[in-house]
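Below: one structure, written as C-alpha cells.
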Amino acid sequence: MYTLQTSASFDSAHFLKDYDGKCKNIHGHRWTVEVTVAAENVDEEGQTRGMIVDFKTLKEDVSLLTKEMDHSLIIEKRSLKENTRQALLEEDFRIVELDFRPTAENMAEYFYDKLEEKGYRVVLVKVYETPNNCAGYSR
C-alpha cells in the first residue's frame, strides 16, 4: 500500500450553538487540514509513472477546498437568528453555512467526503484547530 500526505491551512471563525462553554462565542482558528490518500499500486506509465497521484494535483484539490472557507464565518445552518445572519451579509461578511455543527470532528468528515467525491481513496483526514489539538476521520 502506498500513501501520500499533504496539508493546507486556512483562517476562519466559528461558534458552537447550544454549547455550554467558551466555544459558544465566535472565535477564530488557524485550521490545518491534513490528508492521507492511498493506492495499492503506482501508475505504470505516463506523466505520473511511479506515483499514485501527482502531489501537485492532490495539493491543489485540498487547497481548493480550504480556500472555500478561508477568512469566513463558518456556521451551522439555522444557528443564527435570520435578522443576525442578514445583518452580517449586508455588511459583506462571508458566511459559510454547513448542514452540521462546525466541530473539528465534523469538519474532518466533511473534507474526507469532499475528497472521496473527487475520486481519491482517502485513508485519513485530520483537522487541527490548534497546533496541538486535532480530530481525525477515517472509514
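Residues are referred to by chain and number: the chain letter is A, B, ... according to the order shown in the C-alpha cells, the number counts from 1 in that chain, and ligands are numbered separately from 1 in the order shown.
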
Name the residues of chain A that come out as strand (DSSP E) in a backbone DSSP run; write them as a ChimeraX atom specification. /A:2-14,27-39,72-76,95-98,122-130,133-137

May I have all residues of segment 84-118 of chain A that DSSP, computed from the backbone, assigns to helix (DSSP H, G or I), given as an NGL selection string? :A and (84-90 or 104-117)

Contacts of Val33 of chain A at 8 Å or less, counting only C-alpha atoms, minus same-chain residues fewer than 4 places along, as an mmCIF file with N, CA, C and O atoms, in the first residue's frame?
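Result file follows (around_10.cif):
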data_model
loop_
_atom_site.group_PDB
_atom_site.id
_atom_site.type_symbol
_atom_site.label_atom_id
_atom_site.label_comp_id
_atom_site.auth_asym_id
_atom_site.auth_seq_id
_atom_site.Cartn_x
_atom_site.Cartn_y
_atom_site.Cartn_z
ATOM 1 N N SER A 7 -1.063 18.803 3.376
ATOM 2 C CA SER A 7 -1.899 19.617 4.260
ATOM 3 C C SER A 7 -2.066 21.010 3.680
ATOM 4 O O SER A 7 -1.280 21.444 2.837
ATOM 5 N N ALA A 8 -3.107 21.670 4.136
ATOM 6 C CA ALA A 8 -3.384 23.056 3.773
ATOM 7 C C ALA A 8 -4.023 23.716 4.987
ATOM 8 O O ALA A 8 -4.671 23.055 5.798
ATOM 9 N N SER A 9 -3.824 25.020 5.107
ATOM 10 C CA SER A 9 -4.356 25.747 6.250
ATOM 11 C C SER A 9 -5.252 26.895 5.794
ATOM 12 O O SER A 9 -5.122 27.384 4.673
ATOM 13 N N THR A 66 -10.035 24.150 1.057
ATOM 14 C CA THR A 66 -9.787 25.012 2.208
ATOM 15 C C THR A 66 -9.983 26.478 1.863
ATOM 16 O O THR A 66 -10.435 27.254 2.708
ATOM 17 N N ALA A 108 -13.527 17.242 9.744
ATOM 18 C CA ALA A 108 -12.683 16.172 9.207
ATOM 19 C C ALA A 108 -13.504 15.261 8.295
ATOM 20 O O ALA A 108 -13.059 14.899 7.195
ATOM 21 N N VAL A 125 -8.306 11.900 7.350
ATOM 22 C CA VAL A 125 -8.251 13.358 7.335
ATOM 23 C C VAL A 125 -8.198 13.806 8.786
ATOM 24 O O VAL A 125 -9.018 13.391 9.602
ATOM 25 N N LYS A 126 -7.214 14.655 9.092
ATOM 26 C CA LYS A 126 -7.115 15.276 10.401
ATOM 27 C C LYS A 126 -7.357 16.772 10.233
ATOM 28 O O LYS A 126 -6.860 17.370 9.287
ATOM 29 N N VAL A 127 -8.108 17.335 11.158
ATOM 30 C CA VAL A 127 -8.345 18.772 11.169
ATOM 31 C C VAL A 127 -7.846 19.309 12.497
ATOM 32 O O VAL A 127 -8.332 18.916 13.560
ATOM 33 N N TYR A 128 -6.850 20.194 12.396
ATOM 34 C CA TYR A 128 -6.261 20.826 13.571
ATOM 35 C C TYR A 128 -6.923 22.174 13.790
ATOM 36 O O TYR A 128 -6.979 22.983 12.884
#

Long-range neighbours of Pro131 of chain A as a PyMOL selection string, 9 Å cut-off, only C-alpha atoms, 5 positions minimum in chain: chain A and resi 30-32

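Between atom CA of Gly28 of chain A and atom CA of Tyr120 of chain A there is a distance of 29.4 Å.
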
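All residues of protein, DNA or RNA that reach within 6 Å of segment 68-76 of chain A, judged by only C-alpha atoms and not counting those fewer than 6 positions away in the chain, are Phe10, Asp11, Ser12, Ala13, His14, Arg94, Ile95, Val96, Glu97, Leu98, Asp99, Phe100 and Arg101 of chain A.
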
Excluding same-chain residues fewer than 5 positions from Met51 of chain A, what lies within 12 Å of it counting only C-alpha atoms, as a PyMOL selection string? chain A and resi 1-4+37-46+56-58

For N, CA, C and O atoms, I'd like the residues from the last selection saved as a PDB file, in the first residue's frame.
ATOM      1  N   MET A   1       0.852  -1.181   0.000  1.00  0.00           N
ATOM      2  CA  MET A   1       0.000   0.000   0.000  1.00  0.00           C
ATOM      3  C   MET A   1       0.892   1.235   0.000  1.00  0.00           C
ATOM      4  O   MET A   1       1.803   1.350   0.804  1.00  0.00           O
ATOM      5  N   TYR A   2       0.598   2.154  -0.901  1.00  0.00           N
ATOM      6  CA  TYR A   2       1.303   3.434  -0.979  1.00  0.00           C
ATOM      7  C   TYR A   2       0.401   4.511  -0.403  1.00  0.00           C
ATOM      8  O   TYR A   2      -0.816   4.468  -0.576  1.00  0.00           O
ATOM      9  N   THR A   3       1.006   5.471   0.276  1.00  0.00           N
ATOM     10  CA  THR A   3       0.237   6.599   0.801  1.00  0.00           C
ATOM     11  C   THR A   3       0.940   7.905   0.463  1.00  0.00           C
ATOM     12  O   THR A   3       2.162   7.948   0.311  1.00  0.00           O
ATOM     13  N   LEU A   4       0.144   8.939   0.337  1.00  0.00           N
ATOM     14  CA  LEU A   4       0.628  10.313   0.195  1.00  0.00           C
ATOM     15  C   LEU A   4      -0.075  11.141   1.246  1.00  0.00           C
ATOM     16  O   LEU A   4      -1.242  10.899   1.567  1.00  0.00           O
ATOM     17  N   VAL A  37      -3.963   9.941   1.497  1.00  0.00           N
ATOM     18  CA  VAL A  37      -4.628   9.123   0.476  1.00  0.00           C
ATOM     19  C   VAL A  37      -3.757   7.908   0.201  1.00  0.00           C
ATOM     20  O   VAL A  37      -2.559   7.903   0.502  1.00  0.00           O
ATOM     21  N   ALA A  38      -4.368   6.876  -0.406  1.00  0.00           N
ATOM     22  CA  ALA A  38      -3.641   5.623  -0.613  1.00  0.00           C
ATOM     23  C   ALA A  38      -4.003   4.979  -1.938  1.00  0.00           C
ATOM     24  O   ALA A  38      -5.021   5.294  -2.553  1.00  0.00           O
ATOM     25  N   ALA A  39      -3.146   4.042  -2.339  1.00  0.00           N
ATOM     26  CA  ALA A  39      -3.403   3.201  -3.513  1.00  0.00           C
ATOM     27  C   ALA A  39      -2.587   1.930  -3.357  1.00  0.00           C
ATOM     28  O   ALA A  39      -1.539   1.916  -2.704  1.00  0.00           O
ATOM     29  N   GLU A  40      -3.087   0.874  -3.959  1.00  0.00           N
ATOM     30  CA  GLU A  40      -2.374  -0.409  -3.921  1.00  0.00           C
ATOM     31  C   GLU A  40      -1.137  -0.384  -4.808  1.00  0.00           C
ATOM     32  O   GLU A  40      -0.139  -1.025  -4.496  1.00  0.00           O
ATOM     33  N   ASN A  41      -1.235   0.367  -5.913  1.00  0.00           N
ATOM     34  CA  ASN A  41      -0.156   0.376  -6.891  1.00  0.00           C
ATOM     35  C   ASN A  41       0.124   1.793  -7.366  1.00  0.00           C
ATOM     36  O   ASN A  41      -0.740   2.661  -7.299  1.00  0.00           O
ATOM     37  N   VAL A  42       1.330   1.988  -7.881  1.00  0.00           N
ATOM     38  CA  VAL A  42       1.669   3.248  -8.534  1.00  0.00           C
ATOM     39  C   VAL A  42       1.307   3.133 -10.008  1.00  0.00           C
ATOM     40  O   VAL A  42       1.163   2.029 -10.548  1.00  0.00           O
ATOM     41  N   ASP A  43       1.142   4.282 -10.657  1.00  0.00           N
ATOM     42  CA  ASP A  43       0.872   4.279 -12.096  1.00  0.00           C
ATOM     43  C   ASP A  43       2.060   3.678 -12.825  1.00  0.00           C
ATOM     44  O   ASP A  43       3.218   3.879 -12.445  1.00  0.00           O
ATOM     45  N   GLU A  44       1.769   2.943 -13.884  1.00  0.00           N
ATOM     46  CA  GLU A  44       2.816   2.239 -14.628  1.00  0.00           C
ATOM     47  C   GLU A  44       3.369   3.031 -15.804  1.00  0.00           C
ATOM     48  O   GLU A  44       4.445   2.728 -16.299  1.00  0.00           O
ATOM     49  N   GLU A  45       2.611   4.038 -16.260  1.00  0.00           N
ATOM     50  CA  GLU A  45       3.076   4.789 -17.424  1.00  0.00           C
ATOM     51  C   GLU A  45       2.551   6.216 -17.383  1.00  0.00           C
ATOM     52  O   GLU A  45       1.729   6.574 -16.545  1.00  0.00           O
ATOM     53  N   GLY A  46       3.052   7.007 -18.299  1.00  0.00           N
ATOM     54  CA  GLY A  46       2.582   8.387 -18.434  1.00  0.00           C
ATOM     55  C   GLY A  46       3.254   9.336 -17.458  1.00  0.00           C
ATOM     56  O   GLY A  46       4.235   8.996 -16.782  1.00  0.00           O
ATOM     57  N   LYS A  56       1.224  17.694  -6.825  1.00  0.00           N
ATOM     58  CA  LYS A  56       0.677  18.985  -7.245  1.00  0.00           C
ATOM     59  C   LYS A  56      -0.844  18.917  -7.346  1.00  0.00           C
ATOM     60  O   LYS A  56      -1.551  19.812  -6.878  1.00  0.00           O
ATOM     61  N   THR A  57      -1.361  17.858  -7.933  1.00  0.00           N
ATOM     62  CA  THR A  57      -2.805  17.693  -8.094  1.00  0.00           C
ATOM     63  C   THR A  57      -3.486  17.542  -6.743  1.00  0.00           C
ATOM     64  O   THR A  57      -4.511  18.183  -6.467  1.00  0.00           O
ATOM     65  N   LEU A  58      -2.934  16.700  -5.888  1.00  0.00           N
ATOM     66  CA  LEU A  58      -3.511  16.490  -4.562  1.00  0.00           C
ATOM     67  C   LEU A  58      -3.503  17.797  -3.767  1.00  0.00           C
ATOM     68  O   LEU A  58      -4.515  18.175  -3.171  1.00  0.00           O
TER      69      LEU A  58
END

Leaving out Leu65 of chain A and any residue of its chain fewer than 4 positions from it, which residues lie within 9 Å of it when counting only C-alpha atoms, given as a ChimeraX atom specification? /A:60-61,69,111,114-115

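Taking atom CA of Arg139 of chain A and atom CA of Val122 of chain A as the two end points, the separation is 8.6 Å.
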
Using only C-alpha atoms for the distances, tell me which of A:Gly136, A:Gly50, A:Gly119, A:Pro102 is nearest to Leu16 of chain A. A:Pro102

Closest to Asp54 of chain A among A:Gln5, A:Asn106, A:Asn132, A:Asn83, using only C-alpha atoms? A:Gln5

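Between atom CA of Tyr19 of chain A and atom CA of Leu80 of chain A the separation is 13.7 Å.
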